[in-house]
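**Student:** This is start.csv (CSV, C-alpha atoms).
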chain,number,residue,atom,x,y,z
A,1,MET,CA,-119.5,59.6,-6.3
A,2,ASP,CA,-122.8,59.5,-8.3
A,3,ARG,CA,-123.4,62.5,-10.6
A,4,TYR,CA,-127.0,62.8,-9.4
A,5,SER,CA,-128.4,62.2,-5.9
A,6,SER,CA,-132.0,61.9,-6.9
A,7,TYR,CA,-134.3,61.2,-9.9
A,8,ALA,CA,-135.6,64.7,-9.9
A,9,GLU,CA,-132.0,66.0,-10.4
A,10,LEU,CA,-131.3,63.4,-13.0
A,11,SER,CA,-134.5,64.0,-15.0
A,12,PHE,CA,-133.9,67.8,-15.0
A,13,ASN,CA,-130.5,67.3,-16.7
A,14,GLU,CA,-131.1,64.2,-18.8
A,15,ALA,CA,-133.6,63.4,-21.6
A,16,GLU,CA,-135.8,60.3,-21.1
A,17,GLY,CA,-135.8,58.3,-24.3
A,18,VAL,CA,-132.4,59.8,-25.3
A,19,THR,CA,-130.0,59.1,-22.5
A,20,TYR,CA,-132.1,56.8,-20.4
A,21,ARG,CA,-135.4,54.9,-20.4
A,22,ILE,CA,-137.7,53.4,-17.8
A,23,ARG,CA,-139.6,50.1,-18.1
A,24,ALA,CA,-142.1,49.4,-15.4
A,25,ILE,CA,-144.1,46.3,-16.3
A,26,PRO,CA,-146.7,45.2,-13.7
A,27,ARG,CA,-147.9,41.6,-14.3
A,28,GLY,CA,-150.3,41.2,-11.3
A,29,SER,CA,-147.5,39.4,-9.5
A,30,ASN,CA,-146.5,39.9,-5.8
A,31,VAL,CA,-142.8,39.9,-6.9
A,32,VAL,CA,-140.9,42.6,-8.7
A,33,ILE,CA,-137.6,41.9,-10.3
A,34,ALA,CA,-135.8,45.3,-10.4
A,35,ALA,CA,-132.7,46.4,-12.3
A,36,PRO,CA,-132.3,50.0,-11.1
A,37,HIS,CA,-128.9,50.3,-12.9
A,38,GLY,CA,-129.8,48.5,-16.1
A,39,GLY,CA,-129.0,49.0,-19.8
A,40,GLU,CA,-125.5,50.5,-20.2
A,41,ILE,CA,-125.2,51.6,-16.6
A,42,GLU,CA,-124.4,48.0,-15.4
A,43,PRO,CA,-124.5,46.0,-18.6
A,44,GLY,CA,-126.3,42.7,-18.5
A,45,THR,CA,-128.4,43.4,-15.5
A,46,SER,CA,-131.5,44.2,-17.5
A,47,GLN,CA,-131.2,40.9,-19.4
A,48,ILE,CA,-130.7,39.0,-16.2
A,49,ALA,CA,-133.8,40.7,-14.6
A,50,GLU,CA,-135.8,39.8,-17.7
A,51,ALA,CA,-134.7,36.2,-17.6
A,52,ILE,CA,-135.8,35.9,-13.9
A,53,ALA,CA,-139.1,37.7,-14.4
A,54,GLY,CA,-140.0,35.6,-17.4
A,55,ASN,CA,-143.6,36.4,-18.4
A,56,CYS,CA,-145.1,36.2,-14.9
A,57,LEU,CA,-143.1,38.3,-12.4
A,58,SER,CA,-143.3,42.1,-12.6
A,59,LEU,CA,-140.3,43.8,-14.1
A,60,TYR,CA,-138.7,47.2,-13.5
A,61,CYS,CA,-135.6,48.5,-15.4
A,62,PHE,CA,-134.0,51.9,-15.3
A,63,GLU,CA,-131.7,51.8,-18.2
A,64,GLY,CA,-128.8,53.9,-19.6
A,65,LEU,CA,-128.9,54.1,-23.3
A,66,ILE,CA,-125.5,55.4,-24.3
A,67,ARG,CA,-122.8,52.8,-24.6
A,68,GLY,CA,-119.5,53.6,-23.0
A,69,ARG,CA,-120.8,56.4,-20.8
A,70,ASN,CA,-119.4,56.6,-17.3
A,71,HIS,CA,-121.8,54.4,-15.2
A,72,ARG,CA,-121.8,56.9,-12.4
A,73,ASP,CA,-123.5,59.5,-14.7
A,74,LEU,CA,-126.9,57.7,-14.4
A,75,HIS,CA,-126.3,55.6,-11.2
A,76,ILE,CA,-128.5,56.5,-8.3
A,77,THR,CA,-127.5,54.3,-5.3
A,78,SER,CA,-130.0,51.8,-4.2
A,79,THR,CA,-130.7,53.4,-0.8
A,80,LYS,CA,-131.6,56.7,-2.5
A,81,PHE,CA,-133.3,55.4,-5.7
A,82,ASP,CA,-136.5,57.4,-5.9
A,83,GLU,CA,-137.7,57.2,-9.5
A,84,PRO,CA,-141.5,57.3,-9.0
A,85,ARG,CA,-142.7,54.6,-11.4
A,86,GLY,CA,-140.2,52.1,-9.9
A,87,CYS,CA,-141.0,53.1,-6.3
A,88,ASP,CA,-144.8,52.7,-7.0
A,89,LEU,CA,-144.3,49.2,-8.4
A,90,VAL,CA,-141.9,48.1,-5.6
A,91,GLN,CA,-144.2,49.3,-2.8
A,92,THR,CA,-147.1,47.2,-4.0
A,93,ALA,CA,-145.0,44.0,-4.1
A,94,GLU,CA,-144.6,41.4,-1.4
A,95,LEU,CA,-141.0,40.8,-2.5
A,96,VAL,CA,-138.4,42.8,-4.4
A,97,VAL,CA,-135.4,41.2,-6.0
A,98,GLY,CA,-132.7,43.7,-7.0
A,99,ILE,CA,-130.3,42.8,-9.9
A,100,HIS,CA,-127.0,44.7,-9.8
A,101,GLY,CA,-123.6,44.5,-11.4
A,102,ARG,CA,-120.2,45.0,-9.7
A,103,ARG,CA,-116.6,45.0,-10.8
A,104,ASP,CA,-114.8,41.6,-10.6
A,105,HIS,CA,-112.2,42.8,-8.1
A,106,ASP,CA,-110.6,39.8,-6.3
A,107,SER,CA,-113.7,37.5,-6.7
A,108,PRO,CA,-114.5,37.5,-10.4
A,109,ASP,CA,-116.6,34.3,-10.3
A,110,ALA,CA,-118.7,34.9,-7.2
A,111,ILE,CA,-122.2,36.3,-7.2
A,112,TRP,CA,-122.7,38.3,-4.0
A,113,LEU,CA,-126.1,38.0,-2.3
A,114,GLY,CA,-127.6,40.6,0.0
A,115,GLY,CA,-130.9,41.8,1.3
A,116,ARG,CA,-132.8,41.2,4.5
A,117,ASP,CA,-134.6,37.9,3.6
A,118,ASP,CA,-132.1,35.4,5.0
A,119,GLU,CA,-134.3,32.4,4.4
A,120,LEU,CA,-134.6,33.2,0.7
A,121,LYS,CA,-131.0,34.1,0.5
A,122,ALA,CA,-130.1,30.6,1.7
A,123,LYS,CA,-132.4,29.0,-0.8
A,124,ILE,CA,-131.0,31.1,-3.7
A,125,SER,CA,-127.4,30.2,-2.6
A,126,ASN,CA,-128.3,26.5,-2.8
A,127,ALA,CA,-129.8,27.0,-6.2
A,128,LEU,CA,-126.8,28.9,-7.5
A,129,THR,CA,-124.5,26.2,-6.2
A,130,SER,CA,-126.6,23.5,-8.0
A,131,LEU,CA,-125.7,25.4,-11.2
A,132,GLU,CA,-122.0,25.2,-10.3
A,133,LEU,CA,-121.9,29.0,-9.7
A,134,GLN,CA,-119.9,30.5,-6.9
A,135,VAL,CA,-121.8,32.6,-4.3
A,136,ALA,CA,-121.0,34.7,-1.3
A,137,SER,CA,-123.8,35.7,1.2
A,138,SER,CA,-121.4,37.3,3.7
A,139,GLY,CA,-117.9,38.7,3.9
A,140,HIS,CA,-118.4,41.3,1.2
A,141,HIS,CA,-119.3,45.0,1.3
A,142,LEU,CA,-122.6,45.0,-0.7
A,143,LEU,CA,-124.9,43.4,1.8
A,144,GLY,CA,-128.0,45.4,1.0
A,145,MET,CA,-129.2,45.4,4.6
A,146,SER,CA,-130.5,49.0,4.8
A,147,PRO,CA,-134.3,49.2,5.0
A,148,ASP,CA,-134.0,52.0,2.4
A,149,ASN,CA,-132.4,49.7,-0.1
A,150,ILE,CA,-134.8,49.3,-3.0
A,151,CYS,CA,-134.8,45.5,-2.5
A,152,ASN,CA,-136.1,45.9,1.0
A,153,ARG,CA,-139.0,48.3,0.2
A,154,GLY,CA,-141.6,45.7,-0.6
A,155,ARG,CA,-144.5,45.0,1.8
A,156,ARG,CA,-142.4,42.5,3.7
A,157,ARG,CA,-139.6,45.0,4.1
A,158,ALA,CA,-137.1,42.1,3.3
A,159,GLY,CA,-135.9,41.4,-0.2
A,160,ILE,CA,-132.9,40.0,-2.0
A,161,GLN,CA,-130.0,41.7,-3.8
A,162,PHE,CA,-127.8,40.0,-6.4
A,163,GLU,CA,-124.4,41.6,-7.3
A,164,PHE,CA,-123.1,40.0,-10.5
A,165,PRO,CA,-119.4,40.4,-11.3
A,166,ALA,CA,-118.7,41.6,-14.8
A,167,SER,CA,-117.3,38.2,-15.8
A,168,VAL,CA,-120.4,36.3,-14.8
A,169,ARG,CA,-122.6,38.8,-16.6
A,170,ASP,CA,-120.5,38.5,-19.7
A,171,SER,CA,-120.7,34.7,-19.6
A,172,LEU,CA,-124.5,34.8,-19.3
A,173,MET,CA,-124.8,37.3,-22.1
A,174,ARG,CA,-122.8,35.0,-24.4
A,175,ASN,CA,-125.0,31.9,-23.6
A,176,SER,CA,-128.7,32.4,-24.1
A,177,VAL,CA,-129.4,28.8,-22.9
A,178,ALA,CA,-127.5,29.3,-19.7
A,179,LEU,CA,-129.3,32.6,-19.1
A,180,SER,CA,-132.7,31.1,-19.7
A,181,GLN,CA,-131.9,28.2,-17.3
A,182,PHE,CA,-130.6,30.6,-14.7
A,183,GLY,CA,-133.7,32.7,-14.9
A,184,SER,CA,-136.0,29.7,-14.7
A,185,LEU,CA,-134.3,28.3,-11.6
A,186,MET,CA,-134.3,31.6,-9.8
A,187,ARG,CA,-138.0,32.2,-10.6
A,188,LYS,CA,-138.8,28.7,-9.4
A,189,THR,CA,-136.9,29.3,-6.2
A,190,ILE,CA,-138.5,32.7,-5.5
A,191,ASN,CA,-142.0,31.4,-6.2
A,192,GLY,CA,-141.5,28.3,-4.1
A,193,HIS,CA,-140.3,30.5,-1.2
A,194,LEU,CA,-143.3,32.7,-1.3
A,195,ARG,CA,-145.7,29.7,-1.5
A,196,GLY,CA,-144.1,28.4,1.7
A,197,LEU,CA,-144.7,31.6,3.7
Go ahead and express the file in the form of C-alpha coordinates.
**Tutor:**
Amino acid sequence: MDRYSSYAELSFNEAEGVTYRIRAIPRGSNVVIAAPHGGEIEPGTSQIAEAIAGNCLSLYCFEGLIRGRNHRDLHITSTKFDEPRGCDLVQTAELVVGIHGRRDHDSPDAIWLGGRDDELKAKISNALTSLELQVASSGHHLLGMSPDNICNRGRRRAGIQFEFPASVRDSLMRNSVALSQFGSLMRKTINGHLRGL
(Lines of atoms letter the chains of each structure in order from A and count residues from 1; the text may use other names and numbers.)
(Lines give C-alpha, C1' and ligand atoms only; values in the text may rest on other atoms or scores of the structure.)
Protein backbone atom coordinates (compact mmCIF):
# COMPACT_ATOMS: atom_id res chain seq x y z
CA MET A 1 0.00 0.00 0.00
CA ASP A 2 1.14 3.55 -0.76
CA ARG A 3 1.85 5.69 2.28
CA TYR A 4 -0.13 8.62 0.85
CA SER A 5 -3.34 8.51 -1.16
CA SER A 6 -3.11 12.06 -2.57
CA TYR A 7 -0.63 14.85 -3.22
CA ALA A 8 -2.30 17.02 -0.59
CA GLU A 9 -1.58 14.38 2.03
CA LEU A 10 1.96 13.87 0.77
CA SER A 11 2.79 17.58 0.65
CA PHE A 12 1.47 18.09 4.18
CA ASN A 13 3.91 15.49 5.53
CA GLU A 14 6.90 15.88 3.18
CA ALA A 15 9.13 18.85 2.33
CA GLU A 16 9.43 19.83 -1.34
CA GLY A 17 13.08 20.30 -2.21
CA VAL A 18 14.12 18.04 0.67
CA THR A 19 12.39 14.69 0.23
CA TYR A 20 10.93 15.27 -3.23
CA ARG A 21 10.99 17.70 -6.13
CA ILE A 22 8.75 18.48 -9.09
CA ARG A 23 9.92 19.31 -12.60
CA ALA A 24 7.19 20.50 -14.96
CA ILE A 25 8.71 21.72 -18.23
CA PRO A 26 6.25 22.85 -20.92
CA ARG A 27 7.88 23.14 -24.34
CA GLY A 28 4.92 24.12 -26.49
CA SER A 29 4.53 20.48 -27.47
CA ASN A 30 1.31 18.51 -27.75
CA VAL A 31 3.08 15.57 -26.04
CA VAL A 32 4.03 15.22 -22.37
CA ILE A 33 6.50 12.58 -21.25
CA ALA A 34 5.67 11.95 -17.58
CA ALA A 35 7.59 10.10 -14.87
CA PRO A 36 5.24 10.41 -11.88
CA HIS A 37 7.45 8.08 -9.81
CA GLY A 38 10.82 9.46 -10.81
CA GLY A 39 14.10 10.07 -9.04
CA GLU A 40 14.66 7.56 -6.25
CA ILE A 41 11.06 6.29 -6.25
CA GLU A 42 11.49 4.18 -9.41
CA PRO A 43 15.16 4.80 -10.28
CA GLY A 44 15.98 5.43 -13.91
CA THR A 45 12.50 6.54 -14.95
CA SER A 46 13.37 10.26 -14.87
CA GLN A 47 16.40 9.69 -17.08
CA ILE A 48 14.38 7.60 -19.54
CA ALA A 49 11.67 10.28 -19.65
CA GLU A 50 14.32 12.95 -20.31
CA ALA A 51 15.82 10.87 -23.12
CA ILE A 52 12.45 10.48 -24.84
CA ALA A 53 11.45 14.13 -24.36
CA GLY A 54 14.76 15.44 -25.67
CA ASN A 55 14.59 19.20 -26.13
CA CYS A 56 11.21 19.30 -27.87
CA LEU A 57 8.58 17.29 -25.95
CA SER A 58 7.18 18.57 -22.66
CA LEU A 59 8.51 16.83 -19.55
CA TYR A 60 7.07 16.14 -16.13
CA CYS A 61 8.91 14.37 -13.31
CA PHE A 62 7.83 13.88 -9.72
CA GLU A 63 11.03 12.73 -8.03
CA GLY A 64 12.01 11.24 -4.72
CA LEU A 65 15.32 12.67 -3.49
CA ILE A 66 16.40 10.25 -0.76
CA ARG A 67 18.31 7.22 -1.98
CA GLY A 68 17.24 3.92 -0.49
CA ARG A 69 13.93 5.16 0.88
CA ASN A 70 10.99 2.76 0.56
CA HIS A 71 9.50 3.56 -2.84
CA ARG A 72 5.95 3.33 -1.45
CA ASP A 73 6.64 6.35 0.80
CA LEU A 74 6.30 8.81 -2.12
CA HIS A 75 4.46 6.63 -4.66
CA ILE A 76 0.97 7.84 -5.57
CA THR A 77 -0.60 5.31 -7.91
CA SER A 78 -1.20 6.50 -11.48
CA THR A 79 -5.00 6.46 -11.24
CA LYS A 80 -4.90 8.71 -8.16
CA PHE A 81 -1.96 10.92 -9.11
CA ASP A 82 -3.17 14.47 -8.52
CA GLU A 83 -0.13 16.74 -8.15
CA PRO A 84 -1.49 20.04 -9.59
CA ARG A 85 1.45 21.08 -11.79
CA GLY A 86 1.58 17.66 -13.41
CA CYS A 87 -2.18 17.49 -13.88
CA ASP A 88 -2.25 20.94 -15.49
CA LEU A 89 0.51 20.02 -17.93
CA VAL A 90 -1.04 16.66 -18.81
CA GLN A 91 -4.53 18.06 -19.41
CA THR A 92 -3.24 20.49 -22.05
CA ALA A 93 -1.47 17.74 -24.01
CA GLU A 94 -2.81 15.77 -26.93
CA LEU A 95 -0.86 12.69 -25.82
CA VAL A 96 0.69 11.60 -22.54
CA VAL A 97 3.40 8.95 -22.29
CA GLY A 98 3.88 7.56 -18.79
CA ILE A 99 7.29 6.18 -17.81
CA HIS A 100 7.28 3.71 -14.91
CA GLY A 101 9.50 1.11 -13.29
CA ARG A 102 8.56 -2.35 -12.11
CA ARG A 103 10.26 -5.26 -10.44
CA ASP A 104 11.81 -7.87 -12.69
CA HIS A 105 9.64 -10.76 -11.43
CA ASP A 106 9.61 -13.58 -13.99
CA SER A 107 10.13 -11.35 -17.05
CA PRO A 108 13.28 -9.32 -16.30
CA ASP A 109 13.97 -8.44 -19.93
CA ALA A 110 10.51 -7.39 -21.14
CA ILE A 111 9.21 -3.84 -21.27
CA TRP A 112 5.49 -3.95 -20.56
CA LEU A 113 3.34 -1.57 -22.60
CA GLY A 114 -0.06 -0.26 -21.57
CA GLY A 115 -2.43 2.62 -22.14
CA ARG A 116 -5.48 3.11 -24.32
CA ASP A 117 -3.79 4.09 -27.61
CA ASP A 118 -3.60 0.68 -29.26
CA GLU A 119 -2.27 1.98 -32.58
CA LEU A 120 0.68 3.77 -30.98
CA LYS A 121 1.25 0.80 -28.70
CA ALA A 122 1.74 -1.41 -31.77
CA LYS A 123 4.13 1.10 -33.37
CA ILE A 124 6.18 1.37 -30.18
CA SER A 125 6.25 -2.41 -29.86
CA ASN A 126 7.69 -2.66 -33.39
CA ALA A 127 10.25 0.05 -32.63
CA LEU A 128 11.36 -1.71 -29.43
CA THR A 129 11.71 -4.97 -31.30
CA SER A 130 13.94 -3.22 -33.86
CA LEU A 131 16.27 -2.38 -30.94
CA GLU A 132 16.26 -6.07 -29.99
CA LEU A 133 14.35 -5.30 -26.79
CA GLN A 134 11.66 -7.63 -25.52
CA VAL A 135 8.16 -6.22 -25.18
CA ALA A 136 4.76 -7.37 -23.92
CA SER A 137 1.58 -5.46 -24.76
CA SER A 138 -0.79 -7.94 -23.13
CA GLY A 139 -0.76 -10.77 -20.62
CA HIS A 140 0.57 -8.66 -17.75
CA HIS A 141 -1.15 -6.89 -14.87
CA LEU A 142 -0.07 -3.28 -15.54
CA LEU A 143 -2.17 -2.51 -18.61
CA GLY A 144 -2.91 1.15 -17.79
CA MET A 145 -6.40 1.04 -19.28
CA SER A 146 -8.25 3.11 -16.69
CA PRO A 147 -9.34 6.53 -17.99
CA ASP A 148 -8.07 7.86 -14.64
CA ASN A 149 -4.53 6.67 -15.33
CA ILE A 150 -2.28 9.69 -15.83
CA CYS A 151 -1.28 8.43 -19.28
CA ASN A 152 -4.93 8.59 -20.42
CA ARG A 153 -5.70 12.08 -19.17
CA GLY A 154 -4.56 14.03 -22.23
CA ARG A 155 -7.08 15.55 -24.62
CA ARG A 156 -7.37 12.35 -26.66
CA ARG A 157 -8.04 10.34 -23.47
CA ALA A 158 -5.73 7.64 -24.80
CA GLY A 159 -2.04 7.48 -24.02
CA ILE A 160 0.81 5.04 -23.54
CA GLN A 161 2.36 3.54 -20.42
CA PHE A 162 5.84 2.00 -20.30
CA GLU A 163 6.74 -0.34 -17.42
CA PHE A 164 10.50 -0.90 -17.39
CA PRO A 165 11.88 -3.80 -15.35
CA ALA A 166 14.76 -2.92 -13.07
CA SER A 167 17.26 -4.85 -15.20
CA VAL A 168 16.40 -2.88 -18.35
CA ARG A 169 16.52 0.43 -16.47
CA ASP A 170 19.91 -0.49 -15.02
CA SER A 171 21.21 -1.43 -18.46
CA LEU A 172 20.10 1.87 -19.99
CA MET A 173 21.58 3.84 -17.09
CA ARG A 174 24.96 2.18 -17.68
CA ASN A 175 25.00 2.95 -21.41
CA SER A 176 24.43 6.60 -22.32
CA VAL A 177 24.65 5.86 -26.06
CA ALA A 178 21.95 3.18 -25.84
CA LEU A 179 19.77 5.50 -23.72
CA SER A 180 20.12 8.31 -26.26
CA GLN A 181 19.32 5.97 -29.17
CA PHE A 182 16.33 4.59 -27.31
CA GLY A 183 14.99 8.07 -26.54
CA SER A 184 15.48 9.27 -30.11
CA LEU A 185 13.63 6.29 -31.61
CA MET A 186 10.74 6.58 -29.17
CA ARG A 187 10.45 10.33 -29.86
CA LYS A 188 10.48 9.71 -33.62
CA THR A 189 7.82 7.01 -33.29
CA ILE A 190 5.56 9.19 -31.12
CA ASN A 191 5.89 12.26 -33.36
CA GLY A 192 5.30 10.17 -36.49
CA HIS A 193 2.16 8.71 -34.96
CA LEU A 194 0.72 12.13 -34.14
CA ARG A 195 1.49 13.48 -37.60
CA GLY A 196 -0.52 10.61 -39.07
CA LEU A 197 -3.67 11.33 -37.08
**Student:** Using all atoms listed in the file, find the one residue out of A:Thr77, A:Thr19, A:Asn30, A:Ser137 that sits nearest to Glu63 (chain A).
**Tutor:**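 Counting all atoms listed in the file, the residue closest to Glu63 (chain A) is A:Thr19.
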**Student:** Which residue gives the smallest distance to Gly196 (chain A) among A:Ala51, A:Arg157, A:Glu119, A:Leu57, with all atoms listed in the file counted?
**Tutor:**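 Ranked by minimum distance to Gly196 (chain A), first place goes to A:Glu119.
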**Student:** What is the distance between CA of Tyr7 (chain A) and CA of Glu83 (chain A), in Å to one decimal?
**Tutor:** 5.3 Å
**Student:** I want to know what sits within 8 Å of Ala136 (chain A), based on all atoms listed in the file, with residues of the same chain fewer than 3 positions away left out; could you give that as a list in words?
**Tutor:** Ala110, Ile111, Trp112, Leu113, Ser125, Gly139 and His140 of chain A
**Student:** Report the distance between CA of Pro36 (chain A) and CA of Leu131 (chain A) in Å, rounded to one decimal place.
**Tutor:** 25.5 Å
**Student:** Would you give me, as CSV, each residue of region 37-117 of chain A having an atom within 12 Å of an atom of region 173-188 of chain A, along with its shortest atom pair and that distance in Å to one decimal, using only C-alpha atoms and sorting by chain and residue number?
**Tutor:**
residue,atom,partner,partner_atom,distance
A:Pro43,CA,A:Met173,CA,9.4
A:Gly44,CA,A:Met173,CA,6.7
A:Thr45,CA,A:Met173,CA,9.7
A:Ser46,CA,A:Met173,CA,10.7
A:Gln47,CA,A:Met173,CA,7.8
A:Ile48,CA,A:Gly183,CA,7.1
A:Ala49,CA,A:Gly183,CA,8.0
A:Glu50,CA,A:Gly183,CA,7.9
A:Ala51,CA,A:Gly183,CA,4.5
A:Ile52,CA,A:Gly183,CA,4.0
A:Ala53,CA,A:Arg187,CA,6.8
A:Gly54,CA,A:Gly183,CA,7.4
A:Asn55,CA,A:Arg187,CA,10.5
A:Cys56,CA,A:Arg187,CA,9.2
A:Leu57,CA,A:Arg187,CA,8.2
A:Ser58,CA,A:Arg187,CA,11.4
A:Val97,CA,A:Met186,CA,10.4
A:Ile99,CA,A:Gly183,CA,11.8
**Student:** Measure the distance from CA of Gln91 (chain A) to CA of Pro147 (chain A) in Å and round it to one decimal.
**Tutor:**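 Taking CA of Gln91 (chain A) and CA of Pro147 (chain A), their separation equals 12.6 Å.
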